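A.B. asks: Below you will find the structure I want to go over with you.
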Amino acid sequence: MSRSVRLVPAVAAATLVLALTACDDEGAPDTSGAQARDTSGAPGVGDPYFPKAGNGGYDVSHYGLTLAYTPDGNRLTGTAVVTARATEDLAAFDLDLAGMKVDEVSVGGDPAEFRRDGQELIVRPPGALADGETFEVRVRYSGSPRTITDPDGSKEGWLRTADGALALGEPTGSMAWFPGNHHPSDKASYDIAVTVPKGLTAVSNGELRSAKTADDGRTTFAWHTAEPMASYVATVAIGRYTVTRSTVPRSTCTATGSGSAAKGGLPVYVAVDPSQVTASRKVLARLPEVMEWAECNFGPYPFSSTGAIVDRPEDVEYALETQNRPVYPGAPDTATLVHETAHQWFGDSVTPKSWQDMWLNESLATYAEWLWTEDEGGATAEETFTELYDHGEDEYEDLWAFPPAKPTSAAHISDTPVYQRGAMVIHRIRQTVGDDTFYDIVQGWAAAHRHGSADTDDFTAYVEKQAPDEDFDEIWADWLYGDGKPARP
């Protein structure tokens, strides 16, 4: 689904002038005394749909976030420690941060000058950074984190719930609650520690390292994510959850890997709003079965834990593939559980290089639903494809509105063609190469780009390499990039 800020024109890298008296987003005057500098990282990576997302000039390797949240008043205080490597000489660089008040910034332990410009936090380190140099940025900030309304009308960023909050980031909402390089092309490991009032639980990605309660009753939950993660699938869920912990048994389909094939099984952490426990119990009990099935189809699970976060339907409008434990708006059905689980391979481990490549996430996760139905004895994927081709407009009037690889704008990167017509592209590949090569392609794609980023050209080249004797020109030209309804295959 689309999770975006307002679409803005592309901005080229340019000379950065740091004003002496600029104000931050909450109106506090900047007294850093910053002066004009000659070089800076670009204030965006030039994404075709979100050109201001991300930043040029550096690559992040780790985020250390120390947060404290009080639901009464929606008050968040945070310290973000961002470890990065310069990819060019830098006299200044940007971090993405929407709203919040920045109290202090340091680079390498020394105070740094900074100013605000919309979603950009512009930092001037005390000394220029050399290309290849590793550096650490520390940002202290506070305030009331924002909920962002996307072009398609959906909500992301920091969502207040009945008993806490939920942070969701696709595609750029994570900049509402921590500063960073918020584009899927830059992935990093994470440590997220969240302190919450007595009686509340804070859930995030990865594994829970500790939960320590202070004398005042406030508890700090410390989470660690070792595998690379794009910021749009980072999450924090705060509320009165019913938590269950277990393990997924060793997969019979894979013999190696960090997932359920690893010795001792895969840790499972599930947090469910008390109002959803009964309704969720039956489908969540199928998670081990779904994980086993997914590993058999897609290869070794790419992460070191799994699970789910189930909130109230009135608190969140959509499911999202947050890494390790997807978020669900109330009790999910099995198809949604399969879809978001498949995203752990396609979207979370293999992440799009740009938001134009969103179809790589959604087509494969949607096709996973088709495969699950087929394996459960329901309609075959061929039958689903044929029904969609012949009668799809009855259910999805925009099915042929645009090709999967060319959404018309940021407001449409989560529309039907990206999901359903994208899945039809995947099935056309299967029709062309046959089942044995098809599953080799799907598993090989997940393995070749494990924990990395890839784009549509990478995918089409990979498919052609795995089946060099086949002709894919019609699939790419008519189904992936072509306008209108393709001719019947």
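Just so we're on the same page: first chain in the structure tokens is A, next is B, and so on; residues restart at 1 for each chain, and ligands are numbered from 1 in the order they show up.
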Need to verify the contact set: Asp457 in chain A, 12 Å, only C-alpha atoms, exclusion of same-chain residues closer than 3 positions in sequence. Can you return it as a list of chain:residue names?
C.D. replies: A:Pro352, A:Lys353, A:Ser354, A:Gln356, A:Asp357, A:Leu360, A:Ala405, A:Ser453, A:Ala454, A:Thr460, A:Ala461, A:Tyr462, A:Val463, A:Glu464, A:Trp476, A:Leu480, A:Tyr481
A.B. asks: Run DSSP on the backbone and give me the residues of range 264-428 of chain A it puts in strand (DSSP E), as a VMD selection string.
C.D. replies: chain A and resid 266 to 272 306 to 311 327 to 329 350 to 352
A.B. asks: Which residues are close to Ala226 in chain A, i.e. within 9 Å by only C-alpha atoms, leaving aside same-chain residues fewer than 3 positions away? Reply as a CSV table (one decimal) with N, CA, C and O atoms, in the first residue's frame.
C.D. replies:
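Produced file part.csv, reproduced below:
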```
chain,number,residue,atom,x,y,z
A,188,ALA,N,19.9,-0.8,6.8
A,188,ALA,CA,20.8,-0.8,8.0
A,188,ALA,C,20.3,-1.8,9.0
A,188,ALA,O,19.2,-2.2,9.0
A,189,SER,N,21.2,-2.1,10.0
A,189,SER,CA,20.8,-2.8,11.2
A,189,SER,C,20.3,-1.8,12.2
A,189,SER,O,20.5,-0.6,12.1
A,190,TYR,N,19.5,-2.3,13.2
A,190,TYR,CA,18.8,-1.4,14.2
A,190,TYR,C,18.9,-1.9,15.6
A,190,TYR,O,18.8,-3.1,15.8
A,191,ASP,N,19.0,-0.9,16.5
A,191,ASP,CA,18.8,-1.2,17.9
A,191,ASP,C,17.8,-0.1,18.3
A,191,ASP,O,18.0,1.1,18.2
A,206,GLY,N,12.9,-7.4,15.0
A,206,GLY,CA,14.0,-8.2,15.4
A,206,GLY,C,13.7,-8.9,16.7
A,206,GLY,O,12.5,-9.4,16.9
A,207,GLU,N,14.6,-9.0,17.6
A,207,GLU,CA,14.5,-9.8,18.8
A,207,GLU,C,14.5,-8.9,20.0
A,207,GLU,O,15.3,-7.9,20.1
A,229,MET,N,17.7,-3.7,7.2
A,229,MET,CA,16.3,-3.3,7.2
A,229,MET,C,16.1,-1.9,6.5
A,229,MET,O,16.8,-1.0,6.9
A,303,PHE,N,15.3,-14.0,7.9
A,303,PHE,CA,15.5,-13.3,9.1
A,303,PHE,C,15.6,-14.3,10.3
A,303,PHE,O,15.4,-15.5,10.2
A,304,SER,N,15.9,-13.7,11.5
A,304,SER,CA,16.2,-14.5,12.7
A,304,SER,C,15.0,-14.6,13.6
A,304,SER,O,15.2,-15.1,14.7
```
A.B. asks: Return the single residue from A:Trp345, A:Phe50, A:Trp158, A:Tyr318 that is closest to Ser174 in chain A, with distances computed using only C-alpha atoms.
C.D. replies: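 Looking only at the distances to Ser174 in chain A, the closest residue turns out to be A:Trp158.
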A.B. asks: In Å, how far is it from CA of Pro267 in chain A to CA of Thr219 in chain A?
C.D. replies: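 Here the two named atoms are 22.1 Å from each other.
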